[in-house]
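Okay, so here's the structure we're looking at.
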Amino acid sequence: MQKSGYKNMWVYIEHDGQTATPVGLELCCEIRKLCDAAGDRLYAVILGDLCETEVEKVKGCGIDGLIFVSGTGYEFFNTDAWANAFAVLSRKYKPSAIFVGGTINGRDFAPRFAVQLDTGCTSDAMELAYDPETGDIQFIEPAVGGKIMAVITVPVMRPQIGTIRPGTFRYAPTGAKENIEVIHEEISYDPDAIRCRHIDFLPDEADPEMDIAHADCIVCVGNGLKDSEHLERYRMLAKLLNGKLGCTRPLYDRGILPYKLQIGQSGVMVKTKLYISFGVSGAVNHTAGVDAEVFVAVDRNPDAQIFRYCDYGIVGDMDEICDEMIEQLQAGKA
Ligand SMILES: Cc1cc2nc3c(=O)[nH]c(=O)nc-3n(C[C@H](O)[C@H](O)[C@H](O)COP(=O)(O)OP(=O)(O)OC[C@H]3O[C@@H](n4cnc5c(N)ncnc54)[C@H](O)[C@@H]3O)c2cc1C
């Protein structure tokens, strides 16, 4: 394959017609930097109708072009029409790289069109870089149980495809460029060939306690927790700090807290002002999901890896230290 025949980078904009999912905007802002390094143009790809105000938001992320796809098959998300549209577009325009938000839908269709194009798809990258020597994108993510950061490239085939977890990059729009190129493509997919049927849509019940991605303060409880009876004090600490409770994966695995509170590579990515971890060892799969202005770690093991990440470390028993914090805060409020 002639890699030089493939140019420019694309970001898929997932939406429900009214709102673009934040990850598409985050990706546009980040991929802008890669395009600048590579001398590529950045295109946002929108399937189906998206309202004009949201399209303006996409434009504000420094894109060079927009590709709108219309036709049959886009009334509801389905892997068949989505994968087909990207395969058709890619064969026609030959982008060098395509980035898809690692949402449930993105993780579903991205590998499928990668297979159709005989190329590679990297899932859940946590960092991206452009290698000027090879012209390859480096997809960087934890591997071997989080012990190393693996650099994954697609050195031979094009396009390079990757899914990126929501919240990995910041939404920092640089403003709309003048003369954004607009391309309209009609790619119809036979509705009878779609192998799934839309039966109903049941939205998640909104529970503010479960929405931790942008909480100002997070009290994160790890596997050091003895059992669920010991959890209440951490809830109380979070409440006193106007924060929210989060957890590591073992607490979800143990059935103590729900998946929506799991922070890390395979959970929620959080951006917060204050992060206090209790009984968290500091596996990179967890810490990769934490972007905190101030990181405080409590662990009884002075050699725990978490102490390499935190701004302030406290060695001791997690329950005792949590109780002490509660006491101090209550005394301060009294
Ligand atoms: C592909 C993949 C994806 C993953 N994704 C995630 C993810 O999204 N999020 C995530 O969290 N993990 C994830 N993991 C798991 C991750 O590798 C770690 O196993 C996990 O983060 C460890 O959680 P922990 O620190 O709570 O538990 P442990 O590693 O068991 O650490 C417990 C800590 O508690 C301390 N402790 C014990 N008792 C006390 C006490 N009384 N007082 C004070 N300290 C005490 C111990 O010293 C220890 O440091 C993933 C793994 C893989 C392979």
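Quick note on naming: the chains in the structure tokens go A, B, ... in the order shown, residues restart at 1 in each chain, and ligands are numbered from 1 in order of appearance.
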
Closest pair table for chain A residues within 6 Å of ligand 1, only C-alpha atoms and all ligand atoms, as a tab-separated table:
residue	atom	partner	partner_atom_place_in_ligand_line	distance
A:Gly145	CA	ligand 1	53 (C)	3.8
A:Gly146	CA	ligand 1	17 (O)	5.3
A:Gly222	CA	ligand 1	26 (O)	3.3
A:Asn223	CA	ligand 1	26 (O)	3.7
A:Gly224	CA	ligand 1	37 (C)	3.4
A:Thr248	CA	ligand 1	11 (O)	3.3
A:Arg249	CA	ligand 1	11 (O)	4.0
A:Pro250	CA	ligand 1	23 (O)	5.5
A:Gln262	CA	ligand 1	9 (N)	5.9
A:Ile263	CA	ligand 1	9 (N)	5.0
A:Gly264	CA	ligand 1	8 (O)	3.2
A:Gln265	CA	ligand 1	8 (O)	3.8
A:Ser266	CA	ligand 1	8 (O)	3.6
A:Gly267	CA	ligand 1	8 (O)	4.2
A:Gly279	CA	ligand 1	34 (O)	3.3
A:Val280	CA	ligand 1	25 (O)	3.5
A:Ser281	CA	ligand 1	49 (O)	3.3
A:Gly282	CA	ligand 1	25 (O)	5.4
A:Ala283	CA	ligand 1	21 (O)	4.9
A:Asn285	CA	ligand 1	6 (C)	4.6
A:His286	CA	ligand 1	10 (C)	4.0
A:Asp299	CA	ligand 1	44 (N)	3.6
A:Arg300	CA	ligand 1	43 (C)	4.0
A:Asn301	CA	ligand 1	47 (O)	4.5
A:Ala304	CA	ligand 1	49 (O)	5.2
A:Gly316	CA	ligand 1	43 (C)	5.7
A:Asp317	CA	ligand 1	42 (N)	3.6
A:Met318	CA	ligand 1	42 (N)	3.8

Kindly save the residues from that selection, with C-alpha atoms included, as a short mmCIF file (atom, residue, chain, number, x, y, z; two decimals), in the first residue's frame.
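And here's part.cif as it stands now:
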data_model
loop_
_atom_site.label_atom_id
_atom_site.label_comp_id
_atom_site.auth_asym_id
_atom_site.auth_seq_id
_atom_site.Cartn_x
_atom_site.Cartn_y
_atom_site.Cartn_z
CA GLY A 145 -2.54 -5.21 33.08
CA GLY A 146 -1.55 -1.57 33.18
CA GLY A 222 -10.36 1.51 46.33
CA ASN A 223 -9.98 -2.15 47.08
CA GLY A 224 -8.54 -1.34 50.49
CA THR A 248 -11.73 1.66 41.37
CA ARG A 249 -12.66 -1.38 39.33
CA PRO A 250 -12.38 -3.96 42.14
CA GLN A 262 -15.71 3.31 38.26
CA ILE A 263 -12.92 5.69 37.32
CA GLY A 264 -10.21 4.79 34.85
CA GLN A 265 -9.34 3.36 31.48
CA SER A 266 -12.41 1.17 31.25
CA GLY A 267 -14.63 3.44 33.34
CA GLY A 279 -6.92 2.42 49.55
CA VAL A 280 -6.08 2.77 45.86
CA SER A 281 -2.77 1.21 44.81
CA GLY A 282 -2.28 3.41 41.71
CA ALA A 283 -2.52 1.07 38.71
CA ASN A 285 -5.52 1.70 34.33
CA HIS A 286 -7.02 3.75 37.13
CA ASP A 299 -2.77 4.23 51.57
CA ARG A 300 -1.25 2.09 54.28
CA ASN A 301 1.54 0.88 52.01
CA ALA A 304 2.18 2.05 46.82
CA GLY A 316 -2.04 5.16 57.23
CA ASP A 317 -5.30 3.34 57.71
CA MET A 318 -7.89 4.66 55.28
#

(message) With DSSP run on the backbone, what are the alpha helix (DSSP H) residues within stretch 99-146 of chain A? I'd like them as JSON, numbers by chain.
(response) {"A": [104, 105, 106, 107, 108, 109, 110, 111, 112, 113, 114, 115, 116]}

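Compared by their closest atoms to A:Ile46, and using only C-alpha atoms, the residues A:Gly175, A:Pro159, A:Gly246, A:Gly24 rank with A:Gly24 nearest.
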
In stretch 111-322 of chain A, DSSP strand (DSSP E) residues written as a CSV table (one decimal) with N, CA, C and O atoms, in the first residue's frame:
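states03.csv, written as the output of this step:
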chain,number,residue,atom,x,y,z
A,121,CYS,N,-7.6,-1.2,13.7
A,121,CYS,CA,-8.3,-0.2,14.6
A,121,CYS,C,-7.8,-0.4,16.0
A,121,CYS,O,-7.8,-1.5,16.6
A,122,THR,N,-7.4,0.7,16.6
A,122,THR,CA,-6.9,0.6,18.0
A,122,THR,C,-8.0,1.1,18.9
A,122,THR,O,-8.6,2.1,18.6
A,123,SER,N,-8.3,0.3,20.0
A,123,SER,CA,-9.4,0.7,20.9
A,123,SER,C,-8.8,1.5,22.1
A,123,SER,O,-7.8,1.1,22.6
A,124,ASP,N,-9.6,2.5,22.5
A,124,ASP,CA,-9.4,3.1,23.8
A,124,ASP,C,-8.0,3.7,24.0
A,124,ASP,O,-7.4,3.6,25.1
A,125,ALA,N,-7.5,4.4,23.0
A,125,ALA,CA,-6.2,5.1,23.2
A,125,ALA,C,-6.3,6.2,24.3
A,125,ALA,O,-7.4,6.8,24.4
A,127,GLU,N,-3.6,8.5,24.8
A,127,GLU,CA,-2.8,9.5,24.2
A,127,GLU,C,-2.6,9.3,22.8
A,127,GLU,O,-2.6,8.2,22.3
A,128,LEU,N,-2.4,10.4,22.0
A,128,LEU,CA,-2.1,10.3,20.6
A,128,LEU,C,-0.9,11.2,20.3
A,128,LEU,O,-0.7,12.2,20.9
A,129,ALA,N,-0.1,10.7,19.3
A,129,ALA,CA,1.0,11.5,18.9
A,129,ALA,C,1.2,11.2,17.4
A,129,ALA,O,0.8,10.2,16.9
A,130,TYR,N,1.9,12.2,16.8
A,130,TYR,CA,2.2,12.0,15.3
A,130,TYR,C,3.7,11.8,15.2
A,130,TYR,O,4.5,12.6,15.8
A,131,ASP,N,4.1,10.8,14.5
A,131,ASP,CA,5.5,10.5,14.3
A,131,ASP,C,5.9,11.1,12.9
A,131,ASP,O,5.6,10.5,11.9
A,136,ASP,N,3.2,8.0,10.9
A,136,ASP,CA,2.2,7.2,11.6
A,136,ASP,C,1.6,7.9,12.8
A,136,ASP,O,2.4,8.7,13.5
A,137,ILE,N,0.4,7.6,13.1
A,137,ILE,CA,-0.2,8.1,14.4
A,137,ILE,C,0.3,7.1,15.4
A,137,ILE,O,0.2,5.8,15.2
A,138,GLN,N,0.6,7.5,16.6
A,138,GLN,CA,0.9,6.6,17.7
A,138,GLN,C,-0.3,6.6,18.7
A,138,GLN,O,-0.6,7.7,19.2
A,139,PHE,N,-0.9,5.5,18.8
A,139,PHE,CA,-2.0,5.3,19.7
A,139,PHE,C,-1.4,4.8,21.0
A,139,PHE,O,-0.8,3.7,21.0
A,140,ILE,N,-1.5,5.5,22.1
A,140,ILE,CA,-0.8,5.1,23.3
A,140,ILE,C,-1.8,4.7,24.4
A,140,ILE,O,-2.7,5.5,24.7
A,141,GLU,N,-1.6,3.5,25.0
A,141,GLU,CA,-2.6,3.0,26.0
A,141,GLU,C,-1.9,2.0,26.9
A,141,GLU,O,-1.0,1.4,26.6
A,142,PRO,N,-2.5,1.9,28.1
A,142,PRO,CA,-2.0,0.9,29.1
A,142,PRO,C,-2.1,-0.5,28.5
A,142,PRO,O,-3.1,-0.8,27.9
A,143,ALA,N,-1.1,-1.3,28.8
A,143,ALA,CA,-1.2,-2.7,28.4
A,143,ALA,C,-0.5,-3.6,29.5
A,143,ALA,O,0.0,-3.1,30.4
A,148,ILE,N,2.6,-1.4,31.6
A,148,ILE,CA,3.3,-0.6,30.6
A,148,ILE,C,2.4,0.3,29.8
A,148,ILE,O,1.2,0.0,29.7
A,149,MET,N,2.9,1.3,29.2
A,149,MET,CA,2.2,2.1,28.2
A,149,MET,C,2.6,1.6,26.8
A,149,MET,O,3.8,1.7,26.5
A,150,ALA,N,1.7,1.0,26.1
A,150,ALA,CA,2.0,0.5,24.8
A,150,ALA,C,1.8,1.5,23.7
A,150,ALA,O,0.8,2.3,23.8
A,151,VAL,N,2.7,1.6,22.8
A,151,VAL,CA,2.6,2.5,21.6
A,151,VAL,C,2.2,1.6,20.4
A,151,VAL,O,2.9,0.8,20.0
A,152,ILE,N,0.9,1.9,20.0
A,152,ILE,CA,0.4,1.0,18.9
A,152,ILE,C,0.4,1.9,17.6
A,152,ILE,O,-0.1,3.0,17.6
A,160,GLN,N,-5.6,4.8,9.3
A,160,GLN,CA,-5.4,4.4,10.7
A,160,GLN,C,-6.6,4.7,11.5
A,160,GLN,O,-7.0,5.9,11.5
A,161,ILE,N,-7.2,3.8,12.1
A,161,ILE,CA,-8.5,4.0,12.8
A,161,ILE,C,-8.3,3.8,14.3
A,161,ILE,O,-7.6,2.9,14.7
A,162,GLY,N,-8.9,4.7,15.1
A,162,GLY,CA,-8.8,4.5,16.5
A,162,GLY,C,-10.1,5.0,17.2
A,162,GLY,O,-10.7,5.9,16.8
A,163,THR,N,-10.5,4.3,18.3
A,163,THR,CA,-11.5,4.8,19.2
A,163,THR,C,-10.9,5.4,20.4
A,163,THR,O,-9.9,4.9,20.9
A,164,ILE,N,-11.4,6.5,20.9
A,164,ILE,CA,-10.8,7.3,22.0
A,164,ILE,C,-11.9,7.5,23.0
A,164,ILE,O,-13.0,7.9,22.7
A,181,GLU,N,-14.5,24.0,4.1
A,181,GLU,CA,-15.0,23.2,2.9
A,181,GLU,C,-16.2,22.3,3.4
A,181,GLU,O,-16.1,21.7,4.4
A,182,VAL,N,-17.2,22.3,2.6
A,182,VAL,CA,-18.4,21.5,3.0
A,182,VAL,C,-18.7,20.5,1.8
A,182,VAL,O,-18.8,20.9,0.7
A,183,ILE,N,-18.7,19.3,2.2
A,183,ILE,CA,-18.9,18.2,1.2
A,183,ILE,C,-20.2,17.5,1.6
A,183,ILE,O,-20.5,17.2,2.8
A,184,HIS,N,-21.1,17.3,0.6
A,184,HIS,CA,-22.3,16.5,0.8
A,184,HIS,C,-22.2,15.2,0.1
A,184,HIS,O,-21.9,15.2,-1.1
A,185,GLU,N,-22.4,14.1,0.8
A,185,GLU,CA,-22.4,12.8,0.1
A,185,GLU,C,-23.7,12.1,0.4
A,185,GLU,O,-24.2,12.1,1.5
A,186,GLU,N,-24.2,11.5,-0.6
A,186,GLU,CA,-25.4,10.6,-0.4
A,186,GLU,C,-25.0,9.2,-0.5
A,186,GLU,O,-24.5,8.7,-1.5
A,217,CYS,N,-15.1,17.8,43.2
A,217,CYS,CA,-14.3,17.0,44.2
A,217,CYS,C,-14.7,15.6,44.1
A,217,CYS,O,-15.9,15.3,44.0
A,218,ILE,N,-13.8,14.7,44.1
A,218,ILE,CA,-14.1,13.2,44.1
A,218,ILE,C,-13.4,12.5,45.2
A,218,ILE,O,-12.2,12.7,45.4
A,219,VAL,N,-14.1,11.8,46.0
A,219,VAL,CA,-13.6,10.9,47.0
A,219,VAL,C,-13.6,9.5,46.4
A,219,VAL,O,-14.7,8.9,46.2
A,220,CYS,N,-12.4,9.0,46.1
A,220,CYS,CA,-12.4,7.7,45.4
A,220,CYS,C,-12.0,6.6,46.4
A,220,CYS,O,-11.0,6.6,47.0
A,221,VAL,N,-12.8,5.5,46.4
A,221,VAL,CA,-12.6,4.4,47.3
A,221,VAL,C,-12.1,3.2,46.5
A,221,VAL,O,-12.6,2.9,45.5
A,244,LYS,N,-18.3,14.1,45.1
A,244,LYS,CA,-19.0,12.9,44.8
A,244,LYS,C,-18.1,11.7,45.0
A,244,LYS,O,-16.9,11.8,45.0
A,245,LEU,N,-18.8,10.5,45.2
A,245,LEU,CA,-18.0,9.3,45.4
A,245,LEU,C,-17.7,8.6,44.1
A,245,LEU,O,-18.4,8.6,43.2
A,246,GLY,N,-16.4,8.1,44.0
A,246,GLY,CA,-16.0,7.3,42.9
A,246,GLY,C,-15.3,6.1,43.4
A,246,GLY,O,-15.1,5.9,44.6
A,247,CYS,N,-14.9,5.2,42.5
A,247,CYS,CA,-14.3,3.9,43.0
A,247,CYS,C,-13.4,3.4,41.9
A,247,CYS,O,-13.3,3.8,40.8
A,270,VAL,N,-12.3,11.3,34.6
A,270,VAL,CA,-12.8,12.5,35.4
A,270,VAL,C,-11.8,13.7,35.3
A,270,VAL,O,-10.6,13.5,35.3
A,271,LYS,N,-12.4,14.9,35.3
A,271,LYS,CA,-11.6,16.1,35.4
A,271,LYS,C,-12.1,16.8,36.7
A,271,LYS,O,-13.3,17.1,36.7
A,272,THR,N,-11.2,17.0,37.6
A,272,THR,CA,-11.8,17.5,38.9
A,272,THR,C,-10.7,18.5,39.5
A,272,THR,O,-9.6,18.5,39.2
A,273,LYS,N,-11.2,19.2,40.5
A,273,LYS,CA,-10.3,20.1,41.2
A,273,LYS,C,-9.6,19.4,42.3
A,273,LYS,O,-8.4,19.5,42.5
A,274,LEU,N,-10.3,18.6,43.1
A,274,LEU,CA,-9.7,17.8,44.2
A,274,LEU,C,-10.1,16.4,44.1
A,274,LEU,O,-11.3,16.0,44.0
A,275,TYR,N,-9.1,15.5,44.2
A,275,TYR,CA,-9.3,14.1,44.1
A,275,TYR,C,-8.6,13.5,45.3
A,275,TYR,O,-7.4,13.6,45.6
A,276,ILE,N,-9.4,12.7,46.1
A,276,ILE,CA,-8.8,12.1,47.3
A,276,ILE,C,-9.0,10.6,47.2
A,276,ILE,O,-10.2,10.1,47.1
A,277,SER,N,-8.0,9.8,47.1
A,277,SER,CA,-8.1,8.4,47.0
A,277,SER,C,-7.8,7.7,48.3
A,277,SER,O,-6.9,8.1,49.0
A,278,PHE,N,-8.6,6.7,48.6
A,278,PHE,CA,-8.4,5.9,49.8
A,278,PHE,C,-8.2,4.4,49.5
A,278,PHE,O,-9.1,3.8,48.8
A,290,VAL,N,-7.7,9.9,35.6
A,290,VAL,CA,-7.8,11.0,36.6
A,290,VAL,C,-7.1,12.2,36.1
A,290,VAL,O,-5.9,12.2,35.9
A,291,ASP,N,-7.8,13.4,36.0
A,291,ASP,CA,-7.1,14.6,35.7
A,291,ASP,C,-7.5,15.6,36.8
A,291,ASP,O,-8.7,16.1,36.9
A,292,ALA,N,-6.7,15.7,37.8
A,292,ALA,CA,-7.0,16.5,39.0
A,292,ALA,C,-6.1,17.6,39.2
A,292,ALA,O,-4.9,17.5,39.0
A,293,GLU,N,-6.6,18.8,39.7
A,293,GLU,CA,-5.7,19.9,40.0
A,293,GLU,C,-4.9,19.6,41.3
A,293,GLU,O,-3.8,19.9,41.4
A,294,VAL,N,-5.6,19.0,42.2
A,294,VAL,CA,-4.9,18.5,43.5
A,294,VAL,C,-5.3,17.1,43.7
A,294,VAL,O,-6.5,16.7,43.8
A,295,PHE,N,-4.3,16.2,43.9
A,295,PHE,CA,-4.5,14.8,44.1
A,295,PHE,C,-3.9,14.4,45.4
A,295,PHE,O,-2.7,14.6,45.7
A,296,VAL,N,-4.8,13.9,46.3
A,296,VAL,CA,-4.4,13.5,47.6
A,296,VAL,C,-4.6,12.0,47.7
A,296,VAL,O,-5.7,11.5,47.3
A,297,ALA,N,-3.6,11.2,48.2
A,297,ALA,CA,-3.7,9.8,48.2
A,297,ALA,C,-3.5,9.3,49.7
A,297,ALA,O,-2.6,9.8,50.3
A,298,VAL,N,-4.4,8.4,50.1
A,298,VAL,CA,-4.2,7.7,51.4
A,298,VAL,C,-4.1,6.2,51.2
A,298,VAL,O,-4.9,5.6,50.5
A,299,ASP,N,-3.0,5.7,51.7
A,299,ASP,CA,-2.8,4.2,51.6
A,299,ASP,C,-1.9,3.8,52.7
A,299,ASP,O,-1.0,4.5,53.1
A,312,TYR,N,-0.2,15.2,47.4
A,312,TYR,CA,0.0,15.0,48.8
A,312,TYR,C,-0.3,13.5,49.2
A,312,TYR,O,-1.3,13.0,48.7
A,313,GLY,N,0.6,12.8,49.9
A,313,GLY,CA,0.4,11.4,50.2
A,313,GLY,C,0.3,11.3,51.7
A,313,GLY,O,1.0,11.9,52.5
A,314,ILE,N,-0.7,10.4,52.2
A,314,ILE,CA,-0.8,10.2,53.6
A,314,ILE,C,-0.7,8.7,53.8
A,314,ILE,O,-1.5,7.9,53.2
A,315,VAL,N,0.2,8.2,54.6
A,315,VAL,CA,0.4,6.8,54.8
A,315,VAL,C,-0.3,6.4,56.1
A,315,VAL,O,-0.1,7.0,57.2

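The closest residue to A:Phe201, picked from A:Cys51, A:Pro132, A:Phe76, A:Glu320 and counting only C-alpha atoms, is A:Phe76.
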
(request) Mind giving me the straight-line distance from atom CA of A:Trp82 to atom CA of A:Ser4 in Å, one decimal? (result) 26.3 Å
